$ cat upload23.csv   # CSV, C-alpha atoms
chain,number,residue,atom,x,y,z
A,539,MET,CA,-5.0,19.3,-9.6
A,540,LYS,CA,-7.7,19.6,-7.0
A,541,LEU,CA,-8.1,16.8,-4.5
A,542,ILE,CA,-10.4,15.7,-1.6
A,543,ILE,CA,-9.2,13.3,1.1
A,544,VAL,CA,-11.7,11.1,2.8
A,545,ASP,CA,-10.5,9.3,6.0
A,546,ASP,CA,-11.9,8.9,9.4
A,547,HIS,CA,-8.6,9.8,11.1
A,548,ALA,CA,-7.8,13.6,11.2
A,549,MET,CA,-4.1,12.9,11.7
A,550,VAL,CA,-4.0,10.8,8.5
A,551,ARG,CA,-5.8,13.5,6.5
A,552,ALA,CA,-3.3,16.1,7.8
A,553,GLY,CA,-0.3,14.0,7.3
A,554,VAL,CA,-1.1,13.0,3.7
A,555,THR,CA,-2.0,16.6,2.8
A,556,ALA,CA,1.2,17.9,4.3
A,557,GLN,CA,3.5,15.3,2.6
A,558,LEU,CA,1.9,15.6,-0.8
A,559,THR,CA,1.8,19.4,-0.9
A,560,GLN,CA,5.4,19.4,0.2
A,561,LEU,CA,6.3,17.2,-2.8
A,562,ARG,CA,4.1,19.2,-5.2
A,563,PRO,CA,3.0,22.6,-4.0
A,564,SER,CA,0.6,23.0,-6.9
A,565,LEU,CA,-1.7,20.4,-5.5
A,566,GLU,CA,-4.8,21.9,-3.9
A,567,PHE,CA,-6.7,20.0,-1.3
A,568,VAL,CA,-10.1,21.7,-1.5
A,569,ALA,CA,-12.0,19.7,1.2
A,570,GLU,CA,-11.9,16.6,3.5
A,571,ALA,CA,-14.4,14.3,5.1
A,572,GLY,CA,-14.3,11.7,7.8
A,573,THR,CA,-17.6,9.7,7.4
A,574,VAL,CA,-19.6,8.2,4.6
A,575,ASP,CA,-22.3,10.9,5.0
A,576,GLU,CA,-19.8,13.8,5.2
A,577,ALA,CA,-18.0,12.4,2.1
A,578,ILE,CA,-21.1,12.2,0.0
A,579,ALA,CA,-22.2,15.7,1.0
A,580,VAL,CA,-18.8,17.2,0.3
A,581,LEU,CA,-18.2,15.3,-3.0
A,582,THR,CA,-21.5,16.1,-4.5
A,583,SER,CA,-21.0,19.9,-3.8
A,584,THR,CA,-17.3,20.4,-4.2
A,585,PRO,CA,-15.7,19.9,-7.6
A,586,CYS,CA,-12.4,18.1,-7.6
A,587,ASP,CA,-10.2,15.9,-9.8
A,588,VAL,CA,-9.2,13.0,-7.6
A,589,VAL,CA,-10.5,11.7,-4.3
A,590,LEU,CA,-8.3,9.8,-1.9
A,591,LEU,CA,-10.7,7.4,-0.3
A,592,ASP,CA,-10.4,5.3,2.7
A,593,VAL,CA,-12.2,1.9,2.5
A,594,HIS,CA,-13.4,1.6,6.1
A,595,LEU,CA,-15.5,4.6,7.1
A,596,PRO,CA,-18.2,5.1,9.7
A,597,GLY,CA,-21.7,6.2,8.8
A,598,GLY,CA,-24.0,5.7,5.8
A,599,SER,CA,-25.5,2.2,5.5
A,600,GLY,CA,-22.2,0.5,6.4
A,601,GLY,CA,-20.7,0.3,2.9
A,602,GLY,CA,-17.7,2.5,3.7
A,603,GLY,CA,-15.6,3.8,0.8
A,604,ALA,CA,-17.4,1.7,-1.7
A,605,GLU,CA,-20.7,3.2,-0.7
A,606,VAL,CA,-19.2,6.7,-1.1
A,607,ALA,CA,-17.9,6.0,-4.6
A,608,ARG,CA,-21.0,4.3,-5.8
A,609,THR,CA,-23.4,7.0,-4.5
A,610,VAL,CA,-21.3,9.9,-5.8
A,611,ARG,CA,-20.9,8.4,-9.2
A,612,ALA,CA,-24.6,7.7,-9.4
A,613,GLU,CA,-25.5,11.3,-8.5
A,614,LEU,CA,-22.8,13.1,-10.5
A,615,GLY,CA,-22.6,10.8,-13.5
A,616,ASP,CA,-19.9,12.0,-16.0
A,617,CYS,CA,-19.1,14.9,-13.7
A,618,ALA,CA,-17.9,12.5,-10.9
A,619,PRO,CA,-14.3,12.8,-9.8
A,620,ARG,CA,-11.9,9.8,-10.1
A,621,PHE,CA,-11.4,7.7,-7.0
A,622,LEU,CA,-8.2,6.3,-5.6
A,623,ALA,CA,-8.6,4.0,-2.6
A,624,LEU,CA,-6.0,4.6,0.1
A,625,SER,CA,-6.3,2.1,3.0
A,626,VAL,CA,-4.5,0.2,5.6
A,627,SER,CA,-6.3,-2.9,4.4
A,628,ASP,CA,-4.9,-5.2,1.8
A,629,ALA,CA,-7.7,-7.7,2.0
A,630,ALA,CA,-9.0,-9.0,-1.4
A,631,GLU,CA,-12.6,-8.3,-0.5
A,632,ASP,CA,-11.9,-4.7,0.3
A,633,VAL,CA,-10.0,-4.2,-2.9
A,634,VAL,CA,-12.6,-5.8,-5.1
A,635,ALA,CA,-15.5,-4.0,-3.5
A,636,VAL,CA,-14.2,-0.5,-3.9
A,637,ILE,CA,-13.1,-1.2,-7.5
A,638,ARG,CA,-16.5,-2.6,-8.3
A,639,ALA,CA,-17.9,0.6,-6.9
A,640,GLY,CA,-15.9,2.6,-9.4
A,641,ALA,CA,-12.5,3.4,-7.9
A,642,ARG,CA,-9.7,3.4,-10.5
A,643,GLY,CA,-7.0,2.3,-8.2
A,644,TYR,CA,-6.1,1.0,-4.7
A,645,VAL,CA,-2.9,1.6,-2.8
A,646,THR,CA,-2.1,0.8,0.8
A,647,LYS,CA,-1.0,3.3,3.4
A,648,ALA,CA,2.4,1.6,3.4
A,649,VAL,CA,3.3,3.4,0.2
A,650,SER,CA,5.7,6.4,0.2
A,651,ALA,CA,4.4,9.9,-0.5
A,652,THR,CA,6.2,9.7,-3.9
A,653,GLU,CA,4.5,6.4,-4.8
A,654,LEU,CA,1.2,7.8,-3.7
A,655,LEU,CA,1.7,10.9,-5.9
A,656,GLU,CA,2.5,8.7,-8.9
A,657,ALA,CA,-0.7,6.7,-8.3
A,658,ILE,CA,-2.7,10.0,-8.1
A,659,ASP,CA,-1.2,11.1,-11.4
A,660,ARG,CA,-2.1,7.7,-13.1
A,661,VAL,CA,-5.7,7.9,-11.8
A,662,ASP,CA,-6.0,11.5,-12.9
A,663,ALA,CA,-4.9,10.5,-16.3
A,664,GLY,CA,-7.5,7.8,-16.5
A,665,ASP,CA,-5.2,4.9,-15.9
A,666,ALA,CA,-5.4,2.2,-13.2
A,667,ALA,CA,-3.1,2.3,-10.2
A,668,PHE,CA,-2.5,-0.5,-7.7
A,669,SER,CA,0.0,-1.5,-5.1
A,670,PRO,CA,1.8,-4.5,-6.8
A,671,ARG,CA,0.3,-7.3,-4.7
A,672,LEU,CA,-3.2,-5.9,-5.0
A,673,ALA,CA,-3.4,-6.0,-8.8
A,674,GLY,CA,-3.7,-9.8,-8.7
A,675,PHE,CA,-6.9,-9.5,-6.7
A,676,VAL,CA,-8.5,-7.3,-9.4
A,677,LEU,CA,-7.4,-9.5,-12.2
A,678,ASP,CA,-8.8,-12.5,-10.5
A,679,ALA,CA,-12.1,-10.8,-9.8
A,680,PHE,CA,-12.6,-9.0,-13.2
A,681,GLY,CA,-11.1,-11.4,-15.7
A,682,THR,CA,-8.0,-13.2,-16.9
A,683,ALA,CA,-4.5,-11.7,-16.5
A,684,SER,CA,-4.2,-11.2,-20.2
A,685,GLU,CA,-6.9,-8.6,-20.1
A,686,ASP,CA,-5.9,-5.0,-19.6
A,687,ILE,CA,-7.6,-3.2,-16.7
A,688,ALA,CA,-7.2,0.2,-18.2
A,689,GLN,CA,-8.8,-0.8,-21.4
A,690,ARG,CA,-11.8,-2.3,-19.5
A,691,ASP,CA,-12.1,1.0,-17.6
A,692,GLU,CA,-12.2,2.7,-21.0
A,693,GLU,CA,-15.1,0.6,-22.2
A,694,LEU,CA,-17.0,1.2,-19.0
A,695,ASP,CA,-16.3,4.9,-19.2
A,696,ARG,CA,-18.4,5.1,-22.3
A,697,LEU,CA,-21.4,4.7,-19.9
A,698,SER,CA,-22.6,7.2,-17.4
A,699,ALA,CA,-22.8,6.1,-13.8
A,700,ARG,CA,-26.5,5.6,-14.1
A,701,GLU,CA,-26.1,3.6,-17.3
A,702,GLN,CA,-23.6,1.4,-15.5
A,703,GLU,CA,-26.1,0.8,-12.7
A,704,VAL,CA,-28.8,-0.2,-15.1
A,705,MET,CA,-26.4,-2.4,-17.1
A,706,ARG,CA,-25.3,-4.3,-14.0
A,707,LEU,CA,-28.9,-5.0,-13.0
A,708,ILE,CA,-30.0,-6.1,-16.5
A,709,ALA,CA,-26.9,-8.3,-16.6
A,710,ARG,CA,-28.1,-10.0,-13.4
A,711,GLY,CA,-31.4,-10.8,-15.1
A,712,PHE,CA,-33.6,-8.1,-13.6
A,713,THR,CA,-36.6,-7.2,-15.7
A,714,TYR,CA,-37.1,-3.5,-16.7
A,715,LYS,CA,-39.8,-3.3,-14.0
A,716,GLU,CA,-37.5,-4.6,-11.3
A,717,VAL,CA,-34.7,-2.3,-12.4
A,718,ALA,CA,-37.1,0.7,-12.2
A,719,ALA,CA,-38.2,-0.3,-8.7
A,720,GLU,CA,-34.6,-0.9,-7.6
A,721,LEU,CA,-33.3,2.5,-8.8
A,722,PHE,CA,-36.6,4.5,-8.2
A,723,ILE,CA,-36.9,5.5,-11.8
A,724,SER,CA,-39.6,4.9,-14.4
A,725,ILE,CA,-39.7,1.9,-16.8
A,726,LYS,CA,-39.5,4.3,-19.7
A,727,THR,CA,-36.3,5.7,-18.2
A,728,VAL,CA,-34.9,2.2,-17.8
A,729,GLU,CA,-35.7,1.5,-21.5
A,730,SER,CA,-33.9,4.7,-22.5
A,731,HIS,CA,-30.8,3.8,-20.5
A,732,VAL,CA,-30.7,0.2,-21.9
A,733,SER,CA,-30.9,1.6,-25.4
A,734,ALA,CA,-28.1,4.0,-24.7
A,735,VAL,CA,-25.9,1.2,-23.2
A,736,LEU,CA,-26.5,-1.1,-26.2
A,737,ARG,CA,-25.7,1.6,-28.6
A,738,LYS,CA,-22.5,2.7,-26.8
A,739,LEU,CA,-21.2,-0.9,-26.4
A,740,GLN,CA,-22.3,-1.8,-29.9
A,741,LEU,CA,-24.5,-4.7,-28.7
A,742,SER,CA,-27.8,-5.9,-30.2
A,743,ASN,CA,-29.9,-7.0,-27.2
A,744,ARG,CA,-29.9,-7.6,-23.4
A,745,TYR,CA,-28.7,-11.2,-23.8
A,746,GLU,CA,-25.5,-10.0,-25.6
A,747,LEU,CA,-25.2,-7.4,-22.8
A,748,SER,CA,-25.4,-10.1,-20.2
A,749,ARG,CA,-22.6,-12.1,-22.0
A,750,TRP,CA,-20.5,-8.9,-22.3
A,751,ALA,CA,-20.8,-8.2,-18.5
A,752,ALA,CA,-20.2,-11.9,-17.6
A,753,ALA,CA,-17.0,-12.0,-19.7
A,754,ARG,CA,-15.7,-9.1,-17.7
A,755,GLY,CA,-16.6,-10.4,-14.3
A,756,ILE,CA,-19.2,-7.6,-13.8
A,757,ASP,CA,-22.1,-8.4,-11.5

$ encode --input "upload23.csv" --output "structure tokens"
Amino acid sequence: MKLIIVDDHAMVRAGVTAQLTQLRPSLEFVAEAGTVDEAIAVLTSTPCDVVLLDVHLPGGSGGGGAEVARTVRAELGDCAPRFLALSVSDAAEDVVAVIRAGARGYVTKAVSATELLEAIDRVDAGDAAFSPRLAGFVLDAFGTASEDIAQRDEELDRLSAREQEVMRLIARGFTYKEVAAELFISIKTVESHVSAVLRKLQLSNRYELSRWAAARGID
């Protein structure tokens, strides 16, 4: 498994790398980054399987780890790596923001190296991974506790990163023209993405799409 670690503290990057590779020597840390801008540059040019992503990062437009995940997924689409947030913060707003941006899991830096490795394996396999207390934040933000997060990820995974962006804007009530302006693409391209989204989700029109997104807490 190839990993990239994004954290603004060099000692954290070194410590995590050392502990994980000691537990599993086959892990390969192929790169690291310490800012939003560095992370985007590295992740869009260096293939990897899983990214360990800090939530609070300097640089970019101030969006931290969520900005990194959102930008990289938009640029790489289906080729984007899976993101696992690794942060000292256990604030609900941080958890929800980075999950909305596309991360598959969120664990705090209080976890052991063994627990972190287990979370990495889950994310690499396409499952969700959360520190126990944090899962409740995600359930509250994205739907009722009876819904399965991994299943919802599976539905969203039918869509490319760009299709997800278009879907979210359409669900908010944007017109095709407004979506085109927001994403700097043509109206024809927006129409093409919407058609693909409706087909993949087996929906008939944008109104059904809006209801589908609302039912899942997607905005």

$ atom_distance --input "upload23.csv" --atom1 "atom CA of Gly643 of chain A" --atom2 "atom CA of Val588 of chain A"
10.9 Å

$ closest_residue --input "upload23.csv" --among "A:Gly601, A:Ala629, A:Val645, A:Asp662" --to "Cys586 of chain A" --atoms "only C-alpha atoms"
A:Asp662

$ closest_residue --input "upload23.csv" --among "A:Pro563, A:Val634, A:Gly603, A:Leu624" --to "Glu653 of chain A" --atoms "all atoms listed in the file"
A:Leu624

$ residues_around --input "upload23.csv" --residues "Thr573 of chain A" --least-positions-apart "3" --cutoff "10 Å" --atoms "all atoms listed in the file" --output "ChimeraX atom specification"
/A:544-547,570,576-579,592,594-598,602-603,606

$ closest_residue --input "upload23.csv" --among "A:Leu672, A:Thr609, A:Val649, A:Gly615" --to "Val633 of chain A" --atoms "only C-alpha atoms"
A:Leu672

$ residues_around --input "upload23.csv" --residues "His731 of chain A" --least-positions-apart "2" --cutoff "12 Å" --atoms "all atoms listed in the file" --output "list in words"
Leu697, Ser698, Ala699, Arg700, Glu701, Gln702, Glu703, Val704, Met705, Arg706, Leu707, Ile708, Tyr714, Val717, Ala718, Ile723, Ser724, Ile725, Lys726, Thr727, Val728, Glu729, Ser733, Ala734, Val735, Leu736, Arg737, Lys738 and Arg744 of chain A

$ write_last_selection --input "upload23.csv" --atoms "C-alpha atoms" --output "PDB file, keeping the file's coordinate frame"
ATOM      1  CA  LEU A 697     -21.400   4.700 -19.900  1.00  0.00           C
ATOM      2  CA  SER A 698     -22.600   7.200 -17.400  1.00  0.00           C
ATOM      3  CA  ALA A 699     -22.800   6.100 -13.800  1.00  0.00           C
ATOM      4  CA  ARG A 700     -26.500   5.600 -14.100  1.00  0.00           C
ATOM      5  CA  GLU A 701     -26.100   3.600 -17.300  1.00  0.00           C
ATOM      6  CA  GLN A 702     -23.600   1.400 -15.500  1.00  0.00           C
ATOM      7  CA  GLU A 703     -26.100   0.800 -12.700  1.00  0.00           C
ATOM      8  CA  VAL A 704     -28.800  -0.200 -15.100  1.00  0.00           C
ATOM      9  CA  MET A 705     -26.400  -2.400 -17.100  1.00  0.00           C
ATOM     10  CA  ARG A 706     -25.300  -4.300 -14.000  1.00  0.00           C
ATOM     11  CA  LEU A 707     -28.900  -5.000 -13.000  1.00  0.00           C
ATOM     12  CA  ILE A 708     -30.000  -6.100 -16.500  1.00  0.00           C
ATOM     13  CA  TYR A 714     -37.100  -3.500 -16.700  1.00  0.00           C
ATOM     14  CA  VAL A 717     -34.700  -2.300 -12.400  1.00  0.00           C
ATOM     15  CA  ALA A 718     -37.100   0.700 -12.200  1.00  0.00           C
ATOM     16  CA  ILE A 723     -36.900   5.500 -11.800  1.00  0.00           C
ATOM     17  CA  SER A 724     -39.600   4.900 -14.400  1.00  0.00           C
ATOM     18  CA  ILE A 725     -39.700   1.900 -16.800  1.00  0.00           C
ATOM     19  CA  LYS A 726     -39.500   4.300 -19.700  1.00  0.00           C
ATOM     20  CA  THR A 727     -36.300   5.700 -18.200  1.00  0.00           C
ATOM     21  CA  VAL A 728     -34.900   2.200 -17.800  1.00  0.00           C
ATOM     22  CA  GLU A 729     -35.700   1.500 -21.500  1.00  0.00           C
ATOM     23  CA  SER A 733     -30.900   1.600 -25.400  1.00  0.00           C
ATOM     24  CA  ALA A 734     -28.100   4.000 -24.700  1.00  0.00           C
ATOM     25  CA  VAL A 735     -25.900   1.200 -23.200  1.00  0.00           C
ATOM     26  CA  LEU A 736     -26.500  -1.100 -26.200  1.00  0.00           C
ATOM     27  CA  ARG A 737     -25.700   1.600 -28.600  1.00  0.00           C
ATOM     28  CA  LYS A 738     -22.500   2.700 -26.800  1.00  0.00           C
ATOM     29  CA  ARG A 744     -29.900  -7.600 -23.400  1.00  0.00           C
TER      30      ARG A 744
END

$ atom_distance --input "upload23.csv" --atom1 "atom CA of Phe567 of chain A" --atom2 "atom CA of Ile543 of chain A"
7.5 Å

$ closest_residue --input "upload23.csv" --among "A:Lys540, A:Arg638, A:Arg620, A:Arg710" --to "Glu566 of chain A" --atoms "all atoms listed in the file"
A:Lys540

$ closest_residue --input "upload23.csv" --among "A:Met549, A:Ile542, A:Leu747, A:Thr555" --to "Ala651 of chain A" --atoms "all atoms listed in the file"
A:Thr555

$ atom_distance --input "upload23.csv" --atom1 "atom CA of Ala666 of chain A" --atom2 "atom CA of Leu590 of chain A"
13.9 Å

$ closest_residue --input "upload23.csv" --among "A:Ser625, A:Thr646, A:Ser748, A:Thr652" --to "Phe668 of chain A" --atoms "only C-alpha atoms"
A:Thr646

$ residues_near_point --input "upload23.csv" --point "(3.7, 10.6, -1.5)" --cutoff "12 Å" --atoms "only C-alpha atoms" --output "PyMOL selection string"
chain A and resi 553-562+565+624+645-659
